Amino acid sequence: MPSDQPAWVLTRRERIGARIRSARIHADLSQVALAERCGVDHKTIHRIEYGVSDPSLSLLLLIAQALDVPLADLVQ
């Protein structure tokens, strides 16, 4: 990630990642299982959950669909 982004961007990414992690656990899915449903590597899910990666809108939509939650609940 570019280091020239404001600190609040990292904070928001971390919050979104935490919501995704919480929804995944609530759905009783492992990172591997969620990754398979989304067609990505499990390391990608890990990076998103910990705010390291900046997921595309398409990937966020796939994650929301796989978790059966509205996208707005993940990115509120």
# chains A, B, ... in the order shown; residues from 1 in each chain; ligands from 1
call {"tool": "select_by_dssp", "arguments": {"residues": "chain A", "states": "alpha helix (DSSP H)", "output": "VMD selection string"}}
result
chain A and resid 7 to 26 31 to 38 42 to 49 57 to 67 71 to 75
call {"tool": "write_last_selection", "arguments": {"atoms": "N, CA and C atoms", "output": "compact mmCIF listing (two decimals), in the first residue's frame"}}
result
# COMPACT_ATOMS: atom_id res chain seq x y z
N ALA A 7 -3.65 8.50 7.55
CA ALA A 7 -3.78 7.46 8.57
C ALA A 7 -5.20 6.93 8.68
N TRP A 8 -6.19 7.78 8.42
CA TRP A 8 -7.57 7.34 8.56
C TRP A 8 -7.94 6.26 7.55
N VAL A 9 -7.22 6.22 6.42
CA VAL A 9 -7.49 5.19 5.41
C VAL A 9 -7.12 3.82 5.98
N LEU A 10 -5.97 3.72 6.61
CA LEU A 10 -5.56 2.46 7.23
C LEU A 10 -6.56 2.06 8.32
N THR A 11 -6.98 3.01 9.12
CA THR A 11 -7.94 2.73 10.18
C THR A 11 -9.24 2.18 9.61
N ARG A 12 -9.73 2.80 8.54
CA ARG A 12 -10.97 2.31 7.90
C ARG A 12 -10.78 0.92 7.31
N ARG A 13 -9.65 0.67 6.65
CA ARG A 13 -9.38 -0.65 6.09
C ARG A 13 -9.37 -1.71 7.20
N GLU A 14 -8.77 -1.37 8.33
CA GLU A 14 -8.72 -2.31 9.45
C GLU A 14 -10.12 -2.59 9.99
N ARG A 15 -10.97 -1.57 10.09
CA ARG A 15 -12.35 -1.76 10.57
C ARG A 15 -13.15 -2.63 9.60
N ILE A 16 -13.00 -2.37 8.31
CA ILE A 16 -13.70 -3.19 7.30
C ILE A 16 -13.21 -4.63 7.39
N GLY A 17 -11.91 -4.81 7.51
CA GLY A 17 -11.35 -6.15 7.65
C GLY A 17 -11.88 -6.87 8.88
N ALA A 18 -12.01 -6.14 9.98
CA ALA A 18 -12.54 -6.74 11.21
C ALA A 18 -14.00 -7.16 11.02
N ARG A 19 -14.77 -6.35 10.30
CA ARG A 19 -16.17 -6.72 10.03
C ARG A 19 -16.26 -7.96 9.15
N ILE A 20 -15.37 -8.03 8.16
CA ILE A 20 -15.34 -9.21 7.30
C ILE A 20 -14.97 -10.44 8.11
N ARG A 21 -13.95 -10.31 8.95
CA ARG A 21 -13.53 -11.43 9.80
C ARG A 21 -14.66 -11.88 10.72
N SER A 22 -15.35 -10.92 11.33
CA SER A 22 -16.46 -11.25 12.22
C SER A 22 -17.58 -11.96 11.47
N ALA A 23 -17.92 -11.47 10.30
CA ALA A 23 -18.98 -12.10 9.49
C ALA A 23 -18.56 -13.49 9.04
N ARG A 24 -17.29 -13.66 8.72
CA ARG A 24 -16.79 -14.97 8.30
C ARG A 24 -16.88 -15.96 9.45
N ILE A 25 -16.48 -15.54 10.63
CA ILE A 25 -16.54 -16.42 11.80
C ILE A 25 -18.00 -16.74 12.13
N HIS A 26 -18.86 -15.72 12.05
CA HIS A 26 -20.29 -15.94 12.30
C HIS A 26 -20.88 -16.95 11.31
N GLN A 31 -10.80 -18.97 6.57
CA GLN A 31 -10.31 -18.09 5.52
C GLN A 31 -10.18 -18.85 4.21
N VAL A 32 -9.78 -20.10 4.29
CA VAL A 32 -9.63 -20.92 3.09
C VAL A 32 -10.99 -21.12 2.42
N ALA A 33 -12.00 -21.44 3.21
CA ALA A 33 -13.34 -21.67 2.64
C ALA A 33 -13.89 -20.39 2.00
N LEU A 34 -13.71 -19.25 2.67
CA LEU A 34 -14.18 -17.98 2.09
C LEU A 34 -13.43 -17.68 0.81
N ALA A 35 -12.14 -17.89 0.83
CA ALA A 35 -11.32 -17.65 -0.37
C ALA A 35 -11.79 -18.50 -1.54
N GLU A 36 -12.10 -19.76 -1.27
CA GLU A 36 -12.57 -20.65 -2.33
C GLU A 36 -13.89 -20.15 -2.91
N ARG A 37 -14.79 -19.68 -2.04
CA ARG A 37 -16.07 -19.15 -2.52
C ARG A 37 -15.89 -17.90 -3.38
N CYS A 38 -14.83 -17.16 -3.10
CA CYS A 38 -14.60 -15.90 -3.83
C CYS A 38 -13.64 -16.07 -5.00
N HIS A 42 -6.30 -17.82 -0.10
CA HIS A 42 -6.63 -17.53 1.30
C HIS A 42 -5.77 -16.42 1.88
N LYS A 43 -4.57 -16.24 1.35
CA LYS A 43 -3.71 -15.16 1.83
C LYS A 43 -4.32 -13.79 1.52
N THR A 44 -5.06 -13.72 0.43
CA THR A 44 -5.75 -12.47 0.08
C THR A 44 -6.79 -12.13 1.14
N ILE A 45 -7.55 -13.14 1.57
CA ILE A 45 -8.55 -12.92 2.61
C ILE A 45 -7.86 -12.48 3.90
N HIS A 46 -6.77 -13.12 4.24
CA HIS A 46 -6.01 -12.76 5.44
C HIS A 46 -5.58 -11.29 5.38
N ARG A 47 -5.02 -10.89 4.24
CA ARG A 47 -4.54 -9.51 4.10
C ARG A 47 -5.68 -8.50 4.21
N ILE A 48 -6.84 -8.84 3.66
CA ILE A 48 -8.00 -7.95 3.74
C ILE A 48 -8.47 -7.85 5.19
N GLU A 49 -8.57 -8.98 5.87
CA GLU A 49 -9.05 -8.98 7.24
C GLU A 49 -8.16 -8.18 8.19
N LEU A 57 -13.66 -3.25 -5.38
CA LEU A 57 -15.10 -3.29 -5.15
C LEU A 57 -15.66 -4.65 -5.56
N SER A 58 -15.18 -5.18 -6.67
CA SER A 58 -15.66 -6.49 -7.13
C SER A 58 -15.40 -7.57 -6.09
N LEU A 59 -14.21 -7.55 -5.49
CA LEU A 59 -13.89 -8.55 -4.48
C LEU A 59 -14.74 -8.35 -3.22
N LEU A 60 -14.97 -7.10 -2.84
CA LEU A 60 -15.84 -6.85 -1.69
C LEU A 60 -17.26 -7.37 -1.95
N LEU A 61 -17.73 -7.20 -3.17
CA LEU A 61 -19.05 -7.73 -3.52
C LEU A 61 -19.08 -9.25 -3.45
N LEU A 62 -18.03 -9.90 -3.93
CA LEU A 62 -17.94 -11.36 -3.85
C LEU A 62 -17.91 -11.83 -2.40
N ILE A 63 -17.16 -11.13 -1.57
CA ILE A 63 -17.07 -11.50 -0.16
C ILE A 63 -18.44 -11.35 0.51
N ALA A 64 -19.10 -10.24 0.26
CA ALA A 64 -20.43 -10.01 0.85
C ALA A 64 -21.39 -11.12 0.41
N GLN A 65 -21.36 -11.47 -0.86
CA GLN A 65 -22.23 -12.53 -1.38
C GLN A 65 -21.91 -13.86 -0.72
N ALA A 66 -20.62 -14.17 -0.61
CA ALA A 66 -20.20 -15.45 -0.02
C ALA A 66 -20.60 -15.54 1.45
N LEU A 67 -20.63 -14.40 2.13
CA LEU A 67 -20.99 -14.37 3.55
C LEU A 67 -22.48 -14.15 3.77
N LEU A 71 -23.31 -5.69 1.44
CA LEU A 71 -22.01 -5.01 1.37
C LEU A 71 -21.96 -3.84 2.34
N ALA A 72 -23.06 -3.12 2.47
CA ALA A 72 -23.10 -1.96 3.38
C ALA A 72 -22.76 -2.35 4.81
N ASP A 73 -23.12 -3.55 5.23
CA ASP A 73 -22.79 -4.00 6.58
C ASP A 73 -21.29 -4.17 6.78
N LEU A 74 -20.59 -4.48 5.71
CA LEU A 74 -19.14 -4.67 5.81
C LEU A 74 -18.37 -3.36 5.75
N VAL A 75 -18.89 -2.40 5.00
CA VAL A 75 -18.13 -1.16 4.78
C VAL A 75 -18.72 0.06 5.47
call {"tool": "atom_distance", "arguments": {"atom1": "atom CA of Gln5 of chain A", "atom2": "atom CA of Asp54 of chain A"}}
result
11.8 Å
